[in-house]
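Novice: work14.txt is the file, holding compact mmCIF, C-alpha atoms and all ligand atoms:
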# COMPACT_ATOMS: atom_id res chain seq x y z
CA MET A 17 22.21 66.59 191.87
CA LYS A 18 18.78 65.78 190.48
CA TYR A 19 15.95 64.56 192.72
CA ASN A 20 14.19 61.29 191.94
CA LEU A 21 10.65 62.03 190.81
CA VAL A 22 8.31 59.08 190.37
CA ILE A 23 4.98 59.35 188.59
CA LEU A 24 2.43 56.66 189.38
CA SER A 25 -0.22 57.04 186.71
CA GLY A 26 -3.54 55.41 185.92
CA ALA A 27 -6.28 55.54 183.31
CA GLY A 28 -7.29 59.12 184.28
CA ILE A 29 -4.17 60.69 182.78
CA SER A 30 -5.23 59.45 179.34
CA ALA A 31 -8.89 60.48 179.70
CA GLU A 32 -8.19 63.88 178.12
CA SER A 33 -6.59 62.07 175.18
CA GLY A 34 -9.91 60.35 174.51
CA ILE A 35 -9.19 56.98 176.17
CA LYS A 36 -11.93 56.09 178.61
CA THR A 37 -11.13 55.20 182.22
CA PHE A 38 -12.55 52.16 183.85
CA ARG A 39 -14.03 53.20 187.24
CA ASP A 40 -15.73 56.29 185.85
CA SER A 41 -18.08 54.06 183.91
CA ASP A 42 -19.24 52.12 186.98
CA GLY A 43 -16.78 49.27 186.85
CA LEU A 44 -17.46 48.60 183.19
CA TRP A 45 -14.75 48.96 180.59
CA GLU A 46 -16.23 50.28 177.33
CA ASN A 47 -19.53 48.63 178.36
CA PHE A 48 -17.99 45.25 179.11
CA ALA A 49 -17.79 43.64 182.53
CA ILE A 50 -14.18 42.97 183.49
CA GLU A 51 -14.89 39.22 183.86
CA GLU A 52 -15.99 39.10 180.20
CA VAL A 53 -12.84 40.59 178.71
CA ALA A 54 -9.97 41.01 181.19
CA THR A 55 -9.46 37.71 183.01
CA PRO A 56 -7.74 34.41 182.10
CA GLN A 57 -11.18 32.76 182.34
CA ALA A 58 -12.56 35.17 179.72
CA TRP A 59 -9.74 34.16 177.35
CA LYS A 60 -10.51 30.48 178.00
CA ASN A 61 -14.28 30.91 177.48
CA ASN A 62 -14.33 33.34 174.56
CA PRO A 63 -10.90 34.20 173.12
CA ASP A 64 -12.43 35.78 170.00
CA LEU A 65 -14.36 38.31 172.07
CA VAL A 66 -11.27 39.13 174.19
CA GLN A 67 -9.10 39.52 171.08
CA LYS A 68 -11.71 41.78 169.44
CA PHE A 69 -12.06 43.88 172.61
CA TYR A 70 -8.30 44.54 172.79
CA ASN A 71 -8.06 45.11 169.03
CA GLU A 72 -10.61 47.91 169.47
CA ARG A 73 -8.75 49.34 172.50
CA ARG A 74 -5.49 49.18 170.48
CA LEU A 75 -7.07 51.11 167.60
CA ASN A 76 -8.28 53.71 170.12
CA VAL A 77 -4.75 54.01 171.58
CA ILE A 78 -3.07 54.29 168.17
CA SER A 79 -5.52 57.03 167.14
CA ALA A 80 -5.04 59.01 170.39
CA ASN A 81 -2.34 61.58 171.08
CA PRO A 82 -0.49 62.37 174.31
CA ASN A 83 -2.02 65.36 176.12
CA ALA A 84 -0.44 68.32 177.96
CA ALA A 85 -0.04 66.27 181.15
CA HIS A 86 1.91 63.49 179.39
CA HIS A 87 4.07 66.19 177.78
CA TYR A 88 4.65 68.03 181.05
CA PHE A 89 5.83 64.84 182.77
CA SER A 90 8.22 64.28 179.88
CA ASP A 91 9.52 67.87 180.16
CA LEU A 92 10.27 67.28 183.85
CA GLN A 93 13.12 64.98 182.75
CA GLU A 94 15.21 68.12 182.27
CA HIS A 95 15.07 68.88 185.98
CA PHE A 96 14.57 65.52 187.73
CA ASN A 97 15.44 61.86 187.37
CA VAL A 98 11.96 60.90 186.26
CA GLN A 99 10.61 57.37 186.36
CA VAL A 100 7.04 56.68 185.28
CA VAL A 101 5.30 53.66 186.77
CA THR A 102 2.02 53.34 184.90
CA GLN A 103 -0.95 51.05 185.26
CA ASN A 104 -1.92 52.09 181.76
CA ILE A 105 -1.64 49.76 178.84
CA ASP A 106 -1.45 52.68 176.41
CA ASP A 107 1.89 54.09 175.27
CA LEU A 108 1.11 57.81 175.56
CA HIS A 109 3.84 58.50 178.16
CA GLU A 110 6.47 57.14 175.74
CA ARG A 111 4.99 58.99 172.79
CA ALA A 112 5.23 62.23 174.78
CA GLY A 113 8.95 61.54 175.24
CA SER A 114 9.19 59.93 178.68
CA LYS A 115 12.23 57.65 178.61
CA ASN A 116 11.80 55.54 181.73
CA VAL A 117 8.36 53.97 181.69
CA LEU A 118 7.49 50.79 183.54
CA HIS A 119 4.18 49.26 182.46
CA LEU A 120 2.88 47.41 185.49
CA HIS A 121 -0.08 45.99 183.57
CA GLY A 122 1.58 45.54 180.18
CA ASN A 123 1.51 47.45 176.90
CA ILE A 124 -1.33 46.91 174.45
CA ARG A 125 0.92 47.64 171.45
CA TYR A 126 2.65 44.30 172.16
CA ALA A 127 1.59 40.63 172.10
CA LYS A 128 2.85 37.63 174.03
CA SER A 129 2.30 33.88 174.09
CA SER A 130 -0.90 32.52 175.61
CA GLY A 131 1.11 29.47 176.70
CA PRO A 132 3.00 28.88 179.96
CA ASP A 133 6.04 30.97 178.90
CA LYS A 134 4.02 34.14 178.42
CA GLU A 135 6.57 36.55 179.90
CA LYS A 136 9.48 35.23 177.81
CA LYS A 137 9.09 37.29 174.67
CA TYR A 138 7.02 40.32 173.58
CA TYR A 139 6.17 41.11 169.95
CA LEU A 140 5.39 44.61 168.67
CA ILE A 141 2.05 44.33 166.84
CA ASP A 142 2.02 45.76 163.33
CA GLY A 143 -1.15 47.88 163.23
CA HIS A 144 -4.04 47.37 165.62
CA GLU A 145 -5.19 43.86 164.86
CA LEU A 146 -4.05 40.63 166.46
CA LYS A 147 -5.66 37.53 164.90
CA MET A 148 -6.30 34.18 166.57
CA THR A 149 -4.21 32.61 163.81
CA ASP A 150 -1.17 34.71 164.85
CA CYS A 151 1.03 32.36 166.85
CA CYS A 152 4.04 32.71 169.10
CA ASP A 153 7.15 30.69 168.19
CA ASP A 154 6.17 28.22 170.98
CA GLY A 155 3.06 27.36 168.92
CA PHE A 156 0.48 29.03 171.19
CA PRO A 157 -1.78 31.81 169.85
CA LEU A 158 -0.61 35.32 170.63
CA ARG A 159 -2.62 37.26 173.22
CA PRO A 160 -2.38 40.93 174.19
CA HIS A 161 0.60 41.82 176.40
CA VAL A 162 -1.58 42.93 179.30
CA VAL A 163 -1.91 41.70 182.86
CA TRP A 164 -5.44 40.47 183.43
CA PHE A 165 -7.31 40.58 186.71
CA GLY A 166 -6.29 37.54 188.74
CA GLU A 167 -2.84 37.28 187.12
CA GLU A 168 0.50 37.97 188.74
CA VAL A 169 2.09 41.37 188.18
CA PRO A 170 5.63 40.41 187.10
CA LEU A 171 7.09 43.94 187.45
CA LEU A 172 5.65 44.67 190.88
CA GLU A 173 8.93 44.19 192.79
CA GLN A 174 10.84 46.36 190.34
CA ALA A 175 8.14 49.05 190.66
CA GLY A 176 8.40 48.83 194.45
CA ARG A 177 12.17 49.43 194.32
CA ILE A 178 11.61 52.49 192.11
CA VAL A 179 9.00 53.98 194.46
CA GLU A 180 11.30 53.39 197.46
CA GLN A 181 13.88 55.69 195.83
CA ALA A 182 11.43 58.54 195.19
CA ASP A 183 12.10 61.99 196.66
CA ILE A 184 8.83 63.15 195.09
CA LEU A 185 5.89 60.89 194.20
CA ILE A 186 3.12 62.16 191.92
CA VAL A 187 0.04 59.94 191.84
CA VAL A 188 -2.18 60.87 188.92
CA GLY A 189 -5.43 59.56 187.44
CA THR A 190 -5.78 56.38 189.42
CA SER A 191 -8.67 55.37 191.65
CA LEU A 192 -6.16 53.37 193.73
CA SER A 193 -8.60 50.50 193.73
CA VAL A 194 -6.68 47.99 191.59
CA TYR A 195 -4.31 45.88 193.70
CA PRO A 196 -1.45 45.21 194.16
CA ALA A 197 -0.60 48.42 192.20
CA ALA A 198 -2.47 50.64 194.68
CA ASN A 199 -0.19 49.50 197.51
CA LEU A 200 2.81 51.12 195.84
CA ILE A 201 1.97 54.50 197.40
CA HIS A 202 3.00 53.00 200.76
CA TYR A 203 6.51 52.01 199.57
CA THR A 204 7.98 55.52 199.86
CA LYS A 205 10.65 56.63 202.30
CA ALA A 206 9.51 58.91 205.14
CA SER A 207 10.96 62.07 203.59
CA CYS A 208 9.23 61.60 200.22
CA ARG A 209 6.97 64.45 199.12
CA LYS A 210 3.64 63.14 197.82
CA ILE A 211 1.17 64.77 195.44
CA LEU A 212 -2.19 63.38 194.34
CA ILE A 213 -3.86 64.64 191.16
CA ASP A 214 -7.43 63.57 190.44
CA PRO A 215 -10.75 65.41 189.89
CA LYS A 216 -11.99 63.30 192.81
CA ALA A 217 -8.88 63.75 194.98
CA ASP A 218 -10.87 65.37 197.79
CA GLN A 219 -12.98 62.21 198.12
CA MET A 220 -10.02 59.83 198.09
CA SER A 221 -8.68 58.55 201.36
CA VAL A 222 -4.89 58.75 201.40
CA GLU A 223 -2.37 59.72 204.10
CA SER A 224 -2.59 63.37 205.16
CA VAL A 225 0.98 63.99 203.89
CA PHE A 226 -0.40 64.04 200.33
CA THR A 227 -0.90 67.44 198.72
CA LYS A 228 -4.13 67.02 196.77
CA ILE A 229 -4.81 68.75 193.47
CA ASN A 230 -8.49 68.34 192.82
CA LYS A 231 -8.29 68.79 189.05
CA SER A 232 -7.96 66.85 185.83
CA ALA A 233 -4.39 65.94 184.83
CA VAL A 234 -4.21 68.64 182.16
CA GLU A 235 -5.75 71.33 184.39
CA ALA A 236 -3.36 70.39 187.22
CA VAL A 237 -0.19 71.22 185.24
CA GLY A 238 -0.18 74.92 186.24
CA GLU A 239 -0.51 74.15 189.96
CA LEU A 240 2.09 71.43 189.71
CA LYS A 241 4.61 73.87 188.23
CA GLU A 242 4.16 76.10 191.29
CA LEU A 243 4.55 73.18 193.67
CA LEU A 244 7.67 71.76 192.04
CA PHE A 245 9.65 74.94 191.31
N1 LIG B 301 -5.52 54.21 179.28
C1 LIG B 301 -5.38 52.94 179.69
O1 LIG B 301 -4.35 52.30 179.46
C2 LIG B 301 -6.51 52.28 180.47
C3 LIG B 301 -7.83 52.70 180.34
C4 LIG B 301 -8.81 52.04 181.09
C5 LIG B 301 -8.46 51.01 181.95
N2 LIG B 301 -7.16 50.63 182.07
C6 LIG B 301 -6.79 49.55 183.02
O2 LIG B 301 -7.79 49.45 184.04
C7 LIG B 301 -7.25 49.63 185.37
C8 LIG B 301 -7.91 50.84 185.94
O3 LIG B 301 -7.33 51.34 187.16
P1 LIG B 301 -6.91 52.86 187.30
O4 LIG B 301 -6.78 53.17 188.74
O5 LIG B 301 -5.76 53.12 186.38
O6 LIG B 301 -8.12 53.67 186.67
P2 LIG B 301 -9.62 53.81 187.17
O7 LIG B 301 -10.45 53.84 185.93
O8 LIG B 301 -9.95 52.84 188.24
O9 LIG B 301 -9.64 55.27 187.83
C9 LIG B 301 -9.48 56.42 187.03
C10 LIG B 301 -9.21 57.59 187.93
O10 LIG B 301 -8.92 58.69 187.11
C11 LIG B 301 -9.63 59.81 187.55
N3 LIG B 301 -9.82 60.69 186.40
C12 LIG B 301 -10.83 60.75 185.51
N4 LIG B 301 -10.61 61.70 184.59
C13 LIG B 301 -9.39 62.24 184.90
C14 LIG B 301 -8.60 63.27 184.32
N5 LIG B 301 -8.99 63.91 183.23
N6 LIG B 301 -7.40 63.56 184.90
C15 LIG B 301 -6.98 62.91 186.02
N7 LIG B 301 -7.70 61.94 186.62
C16 LIG B 301 -8.88 61.60 186.05
C17 LIG B 301 -10.92 59.27 188.15
O11 LIG B 301 -11.47 60.18 189.08
C18 LIG B 301 -10.42 57.97 188.80
O12 LIG B 301 -9.99 58.19 190.13
C19 LIG B 301 -5.75 49.78 185.22
O13 LIG B 301 -5.14 48.67 185.75
C20 LIG B 301 -5.47 49.85 183.70
O14 LIG B 301 -4.56 48.86 183.29
C21 LIG B 301 -6.18 51.25 181.34
Translate the structure described by the file into structure tokens.

Specialist:
Amino acid sequence: MKYNLVILSGAGISAESGIKTFRDSDGLWENFAIEEVATPQAWKNNPDLVQKFYNERRLNVISANPNAAHHYFSDLQEHFNVQVVTQNIDDLHERAGSKNVLHLHGNIRYAKSSGPDKEKKYYLIDGHELKMTDCCDDGFPLRPHVVWFGEEVPLLEQAGRIVEQADILIVVGTSLSVYPAANLIHYTKASCRKILIDPKADQMSVESVFTKINKSAVEAVGELKELLF
């Protein structure tokens, strides 16, 4: 019987693939304030800027490659029932071969309607550029398939059910400061083994049951192998 291993990942796991995190740059995302580019109000006030911002992020994601940590988590599928719950909007877990990936905050490679039925249909974007003239079949312009600050997280309940089933939870590369995603670490059953990987793990306040690996995701792989096998 295989154990259920759940990976809760954040921007830090993709840092060594060349995709910048958000908190490490003082609450700015690629020099933009979140309110300027990642809220429904930003889209209302300046959709061209928001579209351009995500087009640049998409180009960055397409040009990046999964790193050794993404690959290691994919390799673990041989030994565990692995489910990735990621806050990342990049697709590096999938490109490393992970089969079960839930994107809590969406996937930048896809677009959705900017109208009221935004969660009805997702379109794979051809290349990196989404134009304001690209429309959904409901007539509204297409926007990036990402969850902006202040929006509901449609997959939160499903993610909660996955975390509840975990025998092992690995939390990697997240500052645990974006809610409601950060609350997921509390959904585990009492017997769940919990591991936290982050270069700042020693400064992060989590329950004492967590084994902390105070390293980058890639550097942590060796220690993780010893802990898991
Ligand atoms: N790659 C992406 O998809 C991406 C990038 C930036 C922001 N975002 C979005 O912004 C939000 C940011 O929240 P968050 O908690 O995911 O990230 P965050 O930026 O708030 O925190 C990043 C965490 O990663 C750690 N870190 C930095 N380098 C690391 C490394 N090499 N290995 C392991 N950990 C490392 C930092 O110490 C920090 O704790 C998310 O909701 C996400 O959707 C996504």

Novice: Show me which residues sit within 8 Å of ligand LIG 301 (chain B) when counting all atoms listed in the file, and put them as a ChimeraX atom specification.

Specialist: /A:25-32,35-41,43,45,77,102-107,120-122,124,162-163,188-194,197-198,213-217,231-235

Novice: Go ahead and compute the interatomic distance for atom CA of A:Leu118 and atom CA of A:Leu24, in Å to one decimal.

Specialist: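 Between these atoms lies a distance of 9.7 Å.
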
Novice: Do you have the atom CA of A:Ala58-atom CA of A:Val117 distance handy?

Specialist: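 The value is 28.2 Å.
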
Novice: Show which residues sit within 6 Å of stretch 226-229 of chain A, as a list in words. Count only C-alpha atoms, and ignore same-chain residues fewer than 6 positions away.

Specialist: Lys210, Ile211, Leu212 and Ile213 of chain A

Novice: Any idea what the distance is between atom CA of A:Val100 and atom CA of A:Val22?

Specialist: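 For atom CA of A:Val100 relative to atom CA of A:Val22, the distance reads 5.8 Å.
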
Novice: Compare A:Val53, A:Leu244, A:Ala84, A:Ala182 by their minimum atom-to-atom distance to A:Trp164, counting all atoms listed in the file, and give me the closest one.

Specialist: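 Checking each candidate against A:Trp164, we get A:Val53 as the closest.
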
Novice: Calculated over all atoms listed in the file, which of the candidates A:Gln174, A:Asn62, A:Asn81, A:Gln67 has the smallest distance to A:Leu158?

Specialist: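 Among the listed residues, A:Gln67 lies closest to A:Leu158.
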
Novice: So which residues touch A:Lys147 within 12 Å, counting only C-alpha atoms, skipping near sequence neighbours fewer than 2 positions away, as a VMD selection string?

Specialist: chain A and resid 63 to 71 127 141 to 145 149 to 152 157 to 160

Novice: Store the residues picked out above, limited to C-alpha atoms, as a CSV table (one decimal), in the coordinates of the input.

Specialist:
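Result saved to selection.csv:
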chain,number,residue,atom,x,y,z
A,63,PRO,CA,-10.9,34.2,173.1
A,64,ASP,CA,-12.4,35.8,170.0
A,65,LEU,CA,-14.4,38.3,172.1
A,66,VAL,CA,-11.3,39.1,174.2
A,67,GLN,CA,-9.1,39.5,171.1
A,68,LYS,CA,-11.7,41.8,169.4
A,69,PHE,CA,-12.1,43.9,172.6
A,70,TYR,CA,-8.3,44.5,172.8
A,71,ASN,CA,-8.1,45.1,169.0
A,127,ALA,CA,1.6,40.6,172.1
A,141,ILE,CA,2.0,44.3,166.8
A,142,ASP,CA,2.0,45.8,163.3
A,143,GLY,CA,-1.2,47.9,163.2
A,144,HIS,CA,-4.0,47.4,165.6
A,145,GLU,CA,-5.2,43.9,164.9
A,149,THR,CA,-4.2,32.6,163.8
A,150,ASP,CA,-1.2,34.7,164.8
A,151,CYS,CA,1.0,32.4,166.8
A,152,CYS,CA,4.0,32.7,169.1
A,157,PRO,CA,-1.8,31.8,169.8
A,158,LEU,CA,-0.6,35.3,170.6
A,159,ARG,CA,-2.6,37.3,173.2
A,160,PRO,CA,-2.4,40.9,174.2
